[in-house]
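**Student:** My structure is in work_16.cif, and what it holds is mmCIF, C-alpha atoms (C1' of nucleotides):
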data_my_file
loop_
_atom_site.label_atom_id
_atom_site.label_comp_id
_atom_site.auth_asym_id
_atom_site.auth_seq_id
_atom_site.Cartn_x
_atom_site.Cartn_y
_atom_site.Cartn_z
CA MET A 1 14.82 7.38 -0.64
CA SER A 2 11.63 9.06 -1.76
CA LEU A 3 11.42 11.93 0.65
CA LYS A 4 13.25 13.68 -2.14
CA HIS A 5 10.56 12.78 -4.65
CA ALA A 6 7.69 13.51 -2.29
CA ILE A 7 9.08 17.03 -1.87
CA LEU A 8 9.47 17.44 -5.61
CA VAL A 9 5.86 16.33 -6.10
CA LEU A 10 4.66 18.90 -3.59
CA LEU A 11 6.75 21.68 -5.09
CA ASP A 12 5.56 20.74 -8.54
CA LYS A 13 2.01 21.30 -7.38
CA LYS A 14 2.81 24.56 -5.66
CA PRO A 15 5.98 26.42 -4.54
CA GLY A 16 6.47 26.92 -0.83
CA SER A 17 8.86 27.34 2.07
CA GLY A 18 10.28 24.54 4.17
CA TYR A 19 7.75 25.41 6.81
CA ASP A 20 4.88 25.22 4.30
CA LEU A 21 6.05 21.82 3.12
CA ALA A 22 6.33 20.54 6.66
CA GLN A 23 2.72 21.62 7.20
CA ARG A 24 1.63 19.85 4.06
CA PHE A 25 3.31 16.67 5.28
CA GLY A 26 1.14 17.00 8.37
CA GLY A 27 -2.08 16.62 6.36
CA GLY A 28 -3.10 15.41 2.92
CA ILE A 29 0.08 13.81 1.64
CA GLY A 30 1.00 13.14 5.28
CA ASN A 31 -1.53 10.35 5.25
CA PHE A 32 0.79 8.29 3.11
CA TRP A 33 4.16 9.98 3.39
CA ASN A 34 5.49 11.39 6.63
CA ALA A 35 8.31 13.83 7.12
CA THR A 36 9.37 16.05 10.00
CA HIS A 37 10.42 19.64 9.57
CA GLN A 38 14.09 18.77 10.09
CA GLN A 39 13.92 16.22 7.33
CA VAL A 40 12.31 18.76 5.05
CA TYR A 41 14.90 21.46 5.69
CA GLN A 42 17.80 19.05 5.28
CA GLU A 43 16.38 17.62 2.10
CA LEU A 44 15.68 21.05 0.63
CA LYS A 45 19.31 21.94 1.21
CA LYS A 46 20.43 18.87 -0.72
CA LEU A 47 17.89 19.41 -3.50
CA SER A 48 19.03 22.98 -3.75
CA ALA A 49 22.68 21.94 -4.01
CA ASP A 50 21.70 19.52 -6.78
CA LYS A 51 19.80 22.32 -8.57
CA LEU A 52 16.56 20.35 -8.52
CA VAL A 53 14.89 23.19 -6.65
CA GLU A 54 15.68 26.89 -6.29
CA PHE A 55 14.55 29.52 -3.81
CA GLU A 56 13.98 33.20 -3.32
CA VAL A 57 14.12 34.85 0.06
CA HIS A 58 10.87 36.61 0.87
CA THR A 59 11.40 39.29 3.47
CA GLN A 60 8.38 39.67 5.68
CA ALA A 61 7.72 42.55 8.03
CA GLU A 62 5.73 40.80 10.71
CA ARG A 63 7.05 37.28 10.34
CA PRO A 64 10.50 35.79 10.00
CA ASP A 65 11.92 35.81 6.48
CA LYS A 66 11.20 32.77 4.44
CA LYS A 67 12.79 30.93 1.57
CA VAL A 68 10.21 30.12 -1.03
CA TYR A 69 11.29 27.09 -3.00
CA GLN A 70 10.17 26.01 -6.42
CA ILE A 71 11.02 23.04 -8.59
CA THR A 72 13.44 23.61 -11.47
CA SER A 73 13.14 22.02 -14.88
CA ALA A 74 15.95 19.65 -13.90
CA GLY A 75 13.84 18.78 -10.86
CA ARG A 76 10.84 18.07 -13.03
CA THR A 77 12.96 15.84 -15.27
CA THR A 78 14.24 13.93 -12.26
CA LEU A 79 10.70 13.55 -10.96
CA LYS A 80 9.41 12.21 -14.26
CA ALA A 81 12.31 9.78 -14.49
CA TRP A 82 11.52 8.55 -11.01
CA LEU A 83 7.85 8.05 -11.91
CA LYS A 84 8.93 5.81 -14.76
CA GLN A 85 10.97 3.47 -12.64
CA PRO A 86 9.14 0.59 -10.99
CA ILE A 87 9.23 0.88 -7.23
CA LYS A 88 10.57 -1.85 -5.00
CA LEU A 89 8.26 -3.42 -2.46
CA ALA A 90 7.86 -1.36 0.67
CA ARG A 91 9.14 -3.00 3.80
CA ILE A 92 6.43 -3.36 6.35
CA ASN A 93 7.23 -2.69 9.97
CA SER A 94 4.25 -2.90 12.26
CA THR A 95 5.03 -2.64 15.93
CA LEU A 96 1.47 -3.55 16.85
CA LEU A 97 1.71 -6.81 14.95
CA VAL A 98 4.97 -7.66 16.70
CA LYS A 99 3.20 -7.10 19.99
CA ILE A 100 0.25 -9.27 19.03
CA TYR A 101 2.66 -11.93 17.87
CA ALA A 102 4.23 -11.90 21.34
CA ALA A 103 0.97 -11.40 23.22
CA HIS A 104 1.49 -14.52 25.31
CA LEU A 105 4.12 -12.56 27.27
CA ALA A 106 1.89 -9.54 27.83
CA ASP A 107 -0.65 -8.68 30.48
CA PRO A 108 -4.09 -9.30 28.89
CA VAL A 109 -5.72 -6.34 30.63
CA GLU A 110 -3.12 -3.89 29.41
CA LEU A 111 -3.16 -5.34 25.93
CA ASP A 112 -6.93 -4.95 25.82
CA LYS A 113 -6.58 -1.32 26.86
CA GLU A 114 -3.98 -0.67 24.24
CA LEU A 115 -6.13 -2.22 21.54
CA ALA A 116 -9.06 -0.07 22.65
CA GLN A 117 -6.88 2.99 22.38
CA HIS A 118 -5.69 2.06 18.91
CA ILE A 119 -9.22 1.39 17.76
CA ALA A 120 -10.29 4.81 19.04
CA ASN A 121 -7.35 6.51 17.29
CA HIS A 122 -8.06 4.85 13.99
CA GLU A 123 -11.78 5.52 14.24
CA GLN A 124 -10.92 9.17 14.73
CA LYS A 125 -8.75 9.07 11.65
CA LEU A 126 -11.48 7.35 9.67
CA LEU A 127 -13.93 10.05 10.71
CA GLU A 128 -11.56 12.71 9.39
CA PHE A 129 -11.24 10.82 6.15
CA ALA A 130 -15.01 10.47 5.88
CA GLU A 131 -15.36 14.23 6.27
CA MET A 132 -12.72 14.82 3.60
CA GLU A 133 -14.59 12.48 1.31
CA ARG A 134 -17.87 14.28 1.98
CA LEU A 135 -16.18 17.52 1.01
CA TYR A 136 -14.86 15.99 -2.19
CA PHE A 137 -18.30 14.79 -3.21
CA SER A 138 -19.87 18.14 -2.44
CA ALA A 139 -17.55 19.86 -4.95
CA ASP A 140 -18.54 20.44 -8.55
CA ALA A 141 -17.63 18.01 -11.33
CA ALA A 142 -14.69 20.05 -12.61
CA THR A 143 -13.09 20.24 -9.15
CA ARG A 144 -13.71 16.55 -8.58
CA ARG A 145 -11.99 15.75 -11.84
CA LYS A 146 -9.03 17.93 -11.01
CA GLN A 147 -8.70 16.40 -7.55
CA ARG A 148 -9.21 12.84 -8.60
CA MET A 149 -5.74 11.49 -7.94
CA PRO A 150 -5.57 12.87 -4.40
CA TYR A 151 -9.08 11.54 -3.90
CA LEU A 152 -8.01 8.06 -4.99
CA THR A 153 -5.29 8.15 -2.34
CA LEU A 154 -7.97 9.14 0.15
CA ARG A 155 -9.99 6.09 -0.85
CA SER A 156 -6.94 4.01 -0.11
CA GLY A 157 -6.71 5.61 3.32
CA ILE A 158 -10.36 4.93 4.05
CA ARG A 159 -10.05 1.29 3.03
CA TYR A 160 -6.90 0.96 5.07
CA GLU A 161 -8.35 2.42 8.25
CA TRP A 162 -11.56 0.45 7.87
CA THR A 163 -9.73 -2.86 7.45
CA TRP A 164 -7.34 -2.15 10.26
CA ILE A 165 -10.17 -1.24 12.64
CA GLU A 166 -12.10 -4.39 11.72
CA TRP A 167 -9.05 -6.50 12.41
CA MET A 168 -8.27 -4.84 15.74
CA LYS A 169 -11.87 -5.23 16.89
CA GLU A 170 -11.80 -8.87 15.92
CA VAL A 171 -8.58 -9.44 17.86
CA LYS A 172 -9.87 -7.56 20.90
CA GLN A 173 -13.04 -9.64 20.94
CA LEU A 174 -11.23 -12.93 20.49
CA LEU A 175 -8.79 -12.13 23.28
CA ALA A 176 -11.61 -11.07 25.60
CA ASP A 177 -13.51 -14.30 24.91
CA ASP A 178 -10.35 -16.39 24.84
CA ALA A 179 -11.69 -17.74 21.56
CA LEU A 180 -10.34 -18.75 18.17
CA PRO A 181 -11.63 -17.50 14.81
CA GLU A 182 -14.21 -19.89 13.42
CA LYS A 183 -13.88 -19.34 9.72
CA PRO A 184 -10.86 -18.72 7.52
CA MET A 185 -10.42 -15.08 6.59
CA MET A 186 -10.24 -16.00 2.93
CA GLU A 187 -13.72 -17.52 3.08
CA LEU A 188 -15.20 -14.50 4.80
CA LEU A 189 -13.70 -12.11 2.30
CA ALA A 190 -14.68 -14.22 -0.69
CA ALA A 191 -18.26 -14.43 0.59
CA ALA A 192 -18.42 -10.66 1.08
CA ALA A 193 -17.04 -10.08 -2.42
CA LYS A 194 -19.75 -12.29 -3.95
CA ILE A 195 -22.55 -10.25 -2.44
CA LYS A 196 -21.16 -6.87 -3.36
CA PRO A 197 -21.14 -6.32 -7.15
CA MET B 1 13.49 1.17 17.42
CA SER B 2 11.81 -2.21 17.61
CA LEU B 3 14.18 -4.34 15.63
CA LYS B 4 15.65 -4.96 19.05
CA HIS B 5 12.32 -6.13 20.39
CA ALA B 6 11.44 -8.15 17.33
CA ILE B 7 14.69 -10.08 17.80
CA LEU B 8 13.99 -10.58 21.48
CA VAL B 9 10.53 -11.90 20.60
CA LEU B 10 12.03 -14.38 18.15
CA LEU B 11 14.71 -15.52 20.57
CA ASP B 12 12.13 -15.87 23.30
CA LYS B 13 10.25 -18.31 21.08
CA LYS B 14 13.37 -20.22 20.11
CA PRO B 15 17.15 -19.67 20.34
CA GLY B 16 19.04 -19.35 17.09
CA SER B 17 22.00 -17.95 15.21
CA GLY B 18 22.06 -14.64 13.39
CA TYR B 19 21.62 -16.54 10.20
CA ASP B 20 18.57 -18.38 11.57
CA LEU B 21 17.01 -15.12 12.67
CA ALA B 22 17.61 -13.52 9.29
CA GLN B 23 15.82 -16.49 7.72
CA ARG B 24 12.91 -16.09 10.11
CA PHE B 25 12.64 -12.42 9.15
CA GLY B 26 12.27 -13.62 5.59
CA GLY B 27 9.02 -15.46 6.35
CA GLY B 28 6.42 -15.49 9.09
CA ILE B 29 7.37 -12.49 11.17
CA GLY B 30 8.84 -11.00 8.00
CA ASN B 31 5.33 -10.29 6.85
CA PHE B 32 5.09 -7.50 9.38
CA TRP B 33 8.66 -6.82 10.43
CA ASN B 34 11.53 -6.76 7.99
CA ALA B 35 15.21 -6.98 8.73
CA THR B 36 18.27 -7.78 6.67
CA HIS B 37 21.05 -10.05 7.83
CA GLN B 38 23.36 -7.11 8.48
CA GLN B 39 20.79 -5.50 10.72
CA VAL B 40 20.38 -8.74 12.61
CA TYR B 41 24.11 -9.25 13.18
CA GLN B 42 24.63 -5.65 14.25
CA GLU B 43 21.69 -5.72 16.60
CA LEU B 44 22.75 -9.04 18.12
CA LYS B 45 26.11 -7.52 18.91
CA LYS B 46 24.45 -4.63 20.73
CA LEU B 47 21.99 -6.88 22.53
CA SER B 48 24.88 -9.08 23.56
CA ALA B 49 26.83 -6.09 24.90
CA ASP B 50 23.74 -5.10 26.89
CA LYS B 51 23.44 -8.66 28.24
CA LEU B 52 19.92 -9.01 26.88
CA VAL B 53 21.02 -12.05 24.90
CA GLU B 54 23.92 -14.47 25.25
CA PHE B 55 25.50 -16.96 22.87
CA GLU B 56 27.44 -20.17 22.64
CA VAL B 57 29.65 -21.00 19.72
CA HIS B 58 28.62 -24.24 18.09
CA THR B 59 31.47 -25.75 16.14
CA GLN B 60 30.24 -27.61 13.10
CA ALA B 61 32.24 -30.01 11.03
CA GLU B 62 30.62 -29.50 7.66
CA ARG B 63 29.41 -25.92 8.01
CA PRO B 64 30.94 -22.72 9.33
CA ASP B 65 30.80 -22.30 13.09
CA LYS B 66 27.74 -20.57 14.39
CA LYS B 67 26.86 -18.50 17.42
CA VAL B 68 23.62 -19.70 18.87
CA TYR B 69 21.94 -16.87 20.75
CA GLN B 70 19.33 -17.08 23.46
CA ILE B 71 17.46 -14.47 25.41
CA THR B 72 18.63 -13.79 28.99
CA SER B 73 16.31 -13.11 31.90
CA ALA B 74 17.27 -9.44 31.63
CA GLY B 75 16.23 -9.65 28.01
CA ARG B 76 12.89 -11.13 28.93
CA THR B 77 12.36 -8.36 31.49
CA THR B 78 13.15 -5.72 28.87
CA LEU B 79 10.78 -7.38 26.44
CA LYS B 80 7.93 -7.48 28.95
CA ALA B 81 8.50 -3.84 29.86
CA TRP B 82 8.36 -2.94 26.17
CA LEU B 83 5.10 -4.84 25.74
CA LYS B 84 3.59 -2.75 28.54
CA GLN B 85 4.38 0.60 26.95
CA PRO B 86 1.88 1.96 24.46
CA ILE B 87 3.36 2.22 21.00
CA LYS B 88 3.44 5.42 19.06
CA LEU B 89 1.66 5.56 15.72
CA ALA B 90 3.63 4.06 12.89
CA ARG B 91 4.62 6.49 10.20
CA ILE B 92 3.28 5.45 6.87
CA ASN B 93 5.45 5.82 3.80
CA SER B 94 3.92 4.46 0.66
CA THR B 95 5.85 5.15 -2.49
CA LEU B 96 3.01 3.85 -4.62
CA LEU B 97 0.60 6.38 -3.15
CA VAL B 98 3.06 9.19 -3.81
CA LYS B 99 3.18 8.06 -7.41
CA ILE B 100 -0.58 7.91 -7.73
CA TYR B 101 -0.80 11.34 -6.16
CA ALA B 102 1.52 12.63 -8.87
CA ALA B 103 0.07 10.51 -11.66
CA HIS B 104 -0.72 13.55 -13.82
CA LEU B 105 3.03 13.75 -14.53
CA ALA B 106 3.38 10.10 -15.46
CA ASP B 107 2.92 8.21 -18.67
CA PRO B 108 -0.49 6.47 -18.40
CA VAL B 109 0.65 3.34 -20.22
CA GLU B 110 3.61 2.83 -17.93
CA LEU B 111 1.56 3.55 -14.86
CA ASP B 112 -0.99 0.97 -15.95
CA LYS B 113 1.78 -1.58 -16.41
CA GLU B 114 3.18 -0.83 -13.02
CA LEU B 115 -0.21 -1.19 -11.37
CA ALA B 116 -0.69 -4.52 -13.14
CA GLN B 117 2.66 -5.68 -11.83
CA HIS B 118 1.82 -4.62 -8.28
CA ILE B 119 -1.54 -6.34 -8.45
CA ALA B 120 0.15 -9.54 -9.60
CA ASN B 121 2.73 -9.33 -6.80
CA HIS B 122 0.13 -8.81 -4.12
CA GLU B 123 -2.10 -11.55 -5.52
CA GLN B 124 0.87 -13.87 -5.29
CA LYS B 125 1.39 -12.84 -1.69
CA LEU B 126 -2.30 -13.34 -0.92
CA LEU B 127 -2.11 -16.83 -2.39
CA GLU B 128 0.76 -17.67 -0.08
CA PHE B 129 -1.20 -16.36 2.87
CA ALA B 130 -4.25 -18.36 1.82
CA GLU B 131 -2.12 -21.48 1.78
CA MET B 132 -0.73 -20.69 5.23
CA GLU B 133 -4.25 -20.25 6.48
CA ARG B 134 -5.34 -23.54 4.96
CA LEU B 135 -2.48 -25.20 6.82
CA TYR B 136 -3.50 -23.57 10.07
CA PHE B 137 -7.06 -24.80 9.75
CA SER B 138 -5.94 -28.30 8.90
CA ALA B 139 -4.05 -28.55 12.20
CA ASP B 140 -5.63 -30.05 15.33
CA ALA B 141 -7.34 -27.89 17.92
CA ALA B 142 -4.39 -27.88 20.35
CA THR B 143 -1.98 -26.68 17.66
CA ARG B 144 -4.45 -24.06 16.50
CA ARG B 145 -4.75 -22.77 20.03
CA LYS B 146 -0.99 -22.63 20.47
CA GLN B 147 -0.54 -20.83 17.16
CA ARG B 148 -3.39 -18.42 17.57
CA MET B 149 -1.46 -15.19 17.94
CA PRO B 150 0.67 -15.78 14.84
CA TYR B 151 -2.51 -16.78 13.07
CA LEU B 152 -4.18 -13.50 14.04
CA THR B 153 -1.26 -11.64 12.47
CA LEU B 154 -1.80 -13.76 9.35
CA ARG B 155 -5.44 -12.65 9.28
CA SER B 156 -4.21 -9.09 9.36
CA GLY B 157 -1.95 -9.82 6.42
CA ILE B 158 -4.79 -11.40 4.44
CA ARG B 159 -7.09 -8.45 5.07
CA TYR B 160 -4.30 -6.05 4.17
CA GLU B 161 -3.44 -7.72 0.88
CA TRP B 162 -7.09 -8.13 -0.05
CA THR B 163 -7.87 -4.46 0.56
CA TRP B 164 -4.78 -3.27 -1.20
CA ILE B 165 -5.51 -5.42 -4.26
CA GLU B 166 -9.10 -4.18 -4.39
CA TRP B 167 -7.91 -0.60 -4.27
CA MET B 168 -5.26 -1.06 -6.95
CA LYS B 169 -7.74 -2.78 -9.26
CA GLU B 170 -10.18 0.04 -8.75
CA VAL B 171 -7.53 2.65 -9.57
CA LYS B 172 -6.34 0.73 -12.61
CA GLN B 173 -9.89 0.47 -13.93
CA LEU B 174 -10.68 4.12 -13.30
CA LEU B 175 -7.51 5.26 -15.01
CA ALA B 176 -8.16 3.01 -17.99
CA ASP B 177 -11.71 4.36 -18.35
CA ASP B 178 -10.67 7.89 -17.49
CA ALA B 179 -13.56 7.79 -15.00
CA LEU B 180 -14.29 8.99 -11.49
CA PRO B 181 -15.60 6.84 -8.63
CA GLU B 182 -19.37 7.04 -8.45
CA LYS B 183 -20.02 6.37 -4.81
CA PRO B 184 -18.17 7.44 -1.70
CA MET B 185 -15.97 4.71 -0.25
CA MET B 186 -17.61 5.13 3.14
CA GLU B 187 -21.01 4.26 1.68
CA LEU B 188 -19.71 1.20 -0.09
CA LEU B 189 -18.01 -0.10 3.03
CA ALA B 190 -20.97 0.65 5.26
CA ALA B 191 -23.29 -1.18 2.86
CA ALA B 192 -20.97 -4.20 2.76
CA ALA B 193 -20.78 -4.24 6.55
CA LYS B 194 -24.57 -4.31 6.87
CA ILE B 195 -24.90 -7.42 4.75
CA LYS B 196 -22.13 -9.36 6.38
CA PRO B 197 -23.00 -10.17 10.03
"C1'" DT C 1 35.88 -27.40 -14.62
"C1'" DA C 2 33.48 -23.50 -13.54
"C1'" DC C 3 29.69 -21.35 -11.74
"C1'" DT C 4 25.87 -20.90 -8.55
"C1'" DA C 5 23.44 -21.38 -4.27
"C1'" DA C 6 23.27 -22.19 0.58
"C1'" DT C 7 25.34 -21.82 5.15
"C1'" DA C 8 27.57 -18.55 8.29
"C1'" DT C 9 29.61 -14.19 9.86
"C1'" DG C 10 31.03 -9.59 9.78
"C1'" DC C 11 33.38 -4.62 8.72
"C1'" DA C 12 33.12 -0.06 6.84
"C1'" DA C 13 31.08 3.62 4.67
"C1'" DA C 14 27.24 5.95 3.10
"C1'" DC C 15 22.85 7.41 3.73
"C1'" DA C 16 18.51 8.50 6.30
"C1'" DT C 17 15.97 9.52 10.43
"C1'" DT C 18 15.26 11.08 15.06
"C1'" DT C 19 16.08 13.87 19.07
"C1'" DG C 20 17.48 17.78 21.36
"C1'" DC C 21 18.60 22.22 21.22
"C1'" DA C 22 18.66 27.14 19.60
"C1'" DT C 23 16.93 31.49 17.86
"C1'" DA C 24 13.39 35.21 17.37
"C1'" DG C 25 9.23 38.06 16.90
"C1'" DG C 26 4.25 38.50 17.17
"C1'" DA C 27 -0.38 37.04 18.63
"C1'" DA C 28 -3.49 35.35 21.92
"C1'" DG C 29 -5.00 33.69 26.03
"C1'" DT C 30 -4.77 33.56 31.65
"C1'" DA D 1 3.01 40.07 33.48
"C1'" DC D 2 3.47 35.41 32.08
"C1'" DT D 3 2.97 31.56 29.39
"C1'" DT D 4 1.95 29.28 25.35
"C1'" DC D 5 1.31 28.88 20.44
"C1'" DC D 6 2.46 29.93 15.69
"C1'" DT D 7 5.59 31.28 12.15
"C1'" DA D 8 10.22 30.33 10.38
"C1'" DT D 9 14.83 28.29 10.10
"C1'" DG D 10 18.55 25.51 11.23
"C1'" DC D 11 22.84 22.86 13.65
"C1'" DA D 12 24.72 18.90 15.93
"C1'" DA D 13 24.71 14.48 17.68
"C1'" DA D 14 22.91 10.10 18.07
"C1'" DT D 15 20.73 6.40 16.15
"C1'" DG D 16 19.13 3.41 12.58
"C1'" DT D 17 19.24 1.44 7.81
"C1'" DT D 18 21.25 0.27 3.47
"C1'" DT D 19 24.91 -0.94 0.34
"C1'" DG D 20 29.07 -2.87 -0.89
"C1'" DC D 21 32.53 -5.71 0.12
"C1'" DA D 22 34.97 -9.72 2.28
"C1'" DT D 23 35.71 -14.44 3.82
"C1'" DA D 24 35.17 -19.69 3.96
"C1'" DT D 25 33.19 -24.34 3.07
"C1'" DT D 26 30.07 -27.61 0.93
"C1'" DA D 27 26.79 -29.25 -2.49
"C1'" DG D 28 24.71 -29.24 -6.75
"C1'" DT D 29 24.38 -28.03 -11.55
"C1'" DA D 30 25.93 -26.92 -16.41
#
Just give me the structure of the file as structure tokens.

**Tutor:**
Amino acid sequence: MSLKHAILVLLDKKPGSGYDLAQRFGGGIGNFWNATHQQVYQELKKLSADKLVEFEVHTQAERPDKKVYQITSAGRTTLKAWLKQPIKLARINSTLLVKIYAAHLADPVELDKELAQHIANHEQKLLEFAEMERLYFSADAATRRKQRMPYLTLRSGIRYEWTWIEWMKEVKQLLADDALPEKPMMELLAAAAKIKP
Amino acid sequence: MSLKHAILVLLDKKPGSGYDLAQRFGGGIGNFWNATHQQVYQELKKLSADKLVEFEVHTQAERPDKKVYQITSAGRTTLKAWLKQPIKLARINSTLLVKIYAAHLADPVELDKELAQHIANHEQKLLEFAEMERLYFSADAATRRKQRMPYLTLRSGIRYEWTWIEWMKEVKQLLADDALPEKPMMELLAAAAKIKP
DNA sequence: TACTAATATGCAAACATTTGCATAGGAAGT
DNA sequence: ACTTCCTATGCAAATGTTTGCATATTAGTA
């Protein structure tokens, strides 16, 4: 039920049309909250009915008219109230893990191919994140300070992709070798953590 | 659309009632695929109508009657066909990241408390996973081999919780100190990876 | 004695998401 | 000339998920 709040967050940062918001869900915030354009339009209608956002129609000569939405003060109040409430645990639904769980029923060659594809996809994503991070660090101190919360979410994305890739590579290798992991994951992670600081 | 397949996977491993399946979604597979009992019952009805599962009513003297479901050969065919198809990327929806993204609107003290709570929850989860891993490694080689795919999903869970906890601790610390990260995440991870092998 | 938890199933309504379609003009490539 | 992409919005239907309620028995606890 937080599509509503994600939209309010975006509109709080900057007003925009449904189309604009849909674009923004395709990048940046889209890395941790996804929404399609239909969802956005439907939600904007509801938010508008609840007076949490309002819009003005901008007539454009060379483009279709657009409705530029902005958050209302009631919307900002709702948003702040939401931020106060503790969130309930997200439910995790990972199709890939279900597949791995049932891998004994699958064709090993095809599974290997699929893992390779996933690894490639996530490496691509990681590369994009790395570039975004490079950009962040090349900005001046004031910009970095202003952008720090979005940057922290980027760090989460980088960690996530990195971990996920490591795991998929491990699984791919173990399946190819028909081997079992030698050491407990907890030991490996604890050892790595000791070296780091 | 994989609740269907998750149920088929579970029934392929072992027949059971709706209630049994709901319990199994509460642990084990529940760490990467969640389903409530209502979802399970509704889906079993559909699967039954499609002849992908079948059931027998087991009358019990001291407990309510139960319908024990098992996968049919059509169900197994469907499941195998599903395993062959590449999966589409999961959409990520993380309420916590939306909150962090919008943290400038939140009360710092409350946000800190919420982060602390989340860290505690995930540390608890990690502890449970560590115990499950300990159990896996204390089993004999034959059992370990048989359980290897579920164990690989457990490794994913351990990595996931570990990474998530690290990130939340980092954010909590940075917010408390009103500081910015010093080094790019990519550098830190690359450095850690070089030491490890 | 009353409440609470566990076993066991399910309906109905509300809510959210996905898919397919529909419109319409301008820009840019083939 | 034709197709495709981008901007811009939206309806309708199907599908999927969540919430609230409802039932029934047994066992254990306060």

**Student:** Could you check how far atom CA of A:Ala49 sits from atom CA of A:Gly27, in Å to one decimal?

**Tutor:**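 Interatomic distance, atom CA of A:Ala49 to atom CA of A:Gly27: 27.4 Å.
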
**Student:** Would you kindly report the residues of chain B within 10 Å of chain C, using all atoms listed in the file, as a PyMOL selection string?

**Tutor:** chain B and resi 17-20+37-38+41-42+62-67

**Student:** So which residues touch B:Met132 within 10 Å, counting all atoms listed in the file, skipping near sequence neighbours fewer than 6 positions away, as number ranges by chain?

**Tutor:** B: 28, 126, 138, 151, 154

**Student:** Residues of the last selection are to be written out with C-alpha atoms, as a tab-separated table (two decimals), keeping the file's coordinate frame.

**Tutor:**
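See selection.tsv below for the written result:
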chain	number	residue	atom	x	y	z
B	28	GLY	CA	6.42	-15.49	9.09
B	126	LEU	CA	-2.30	-13.34	-0.92
B	138	SER	CA	-5.94	-28.30	8.90
B	151	TYR	CA	-2.51	-16.78	13.07
B	154	LEU	CA	-1.80	-13.76	9.35

**Student:** I would like the residues chosen by the PyMOL selection byres ((chain B) within 6 of (chain A)) on the shown file; could you give them as a ChimeraX atom specification?

**Tutor:** /B:32-33,92-94,101,149-150

**Student:** Choose the residue, out of A:Gln60, A:Lys125, A:Lys169, A:Val53, that has the smallest atom-to-atom separation from D:DT7; count all atoms listed in the file.

**Tutor:**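 Closest to D:DT7, using all atoms listed in the file: A:Gln60.
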
**Student:** Per residue of chain D within 9 Å of chain B, record the nearest atom pair and its distance in Å to one decimal, counting all atoms listed in the file, with rows in chain order and ascending residue number, as CSV.

**Tutor:**
residue,atom,partner,partner_atom,distance
D:DG16,C1',B:Met1,CA,7.8
D:DT17,C1',B:Gln39,CA,7.7
D:DA24,C1',B:Pro64,CA,7.5
D:DT25,C1',B:Arg63,CA,6.4
D:DT26,C1',B:Glu62,CA,7.0

**Student:** Output C-alpha atoms (C1' of nucleotides) of each residue in that selection to a file, as a PDB file, keeping the file's coordinate frame.

**Tutor:**
ATOM      1  C1'  DG D  16      19.130   3.410  12.580  1.00  0.00           C
ATOM      2  C1'  DT D  17      19.240   1.440   7.810  1.00  0.00           C
ATOM      3  C1'  DA D  24      35.170 -19.690   3.960  1.00  0.00           C
ATOM      4  C1'  DT D  25      33.190 -24.340   3.070  1.00  0.00           C
ATOM      5  C1'  DT D  26      30.070 -27.610   0.930  1.00  0.00           C
TER       6       DT D  26
END

**Student:** In Å, with one decimal, what is the gap from atom CA of B:Ile7 to atom CA of B:Gln23?

**Tutor:**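 Atom CA of B:Ile7 sits 12.0 Å away from atom CA of B:Gln23.
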
**Student:** Measure the distance from atom CA of A:Val68 to atom CA of A:Glu56 in Å and round it to one decimal.

**Tutor:** 5.4 Å

**Student:** For a quick check of understanding, using all atoms listed in the file, which of B:Lys172, B:Ala22, B:Thr143, B:Gln70 has the smallest distance to B:Ile119?

**Tutor:**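 Using all atoms listed in the file, B:Ile119 sits closest to B:Lys172.
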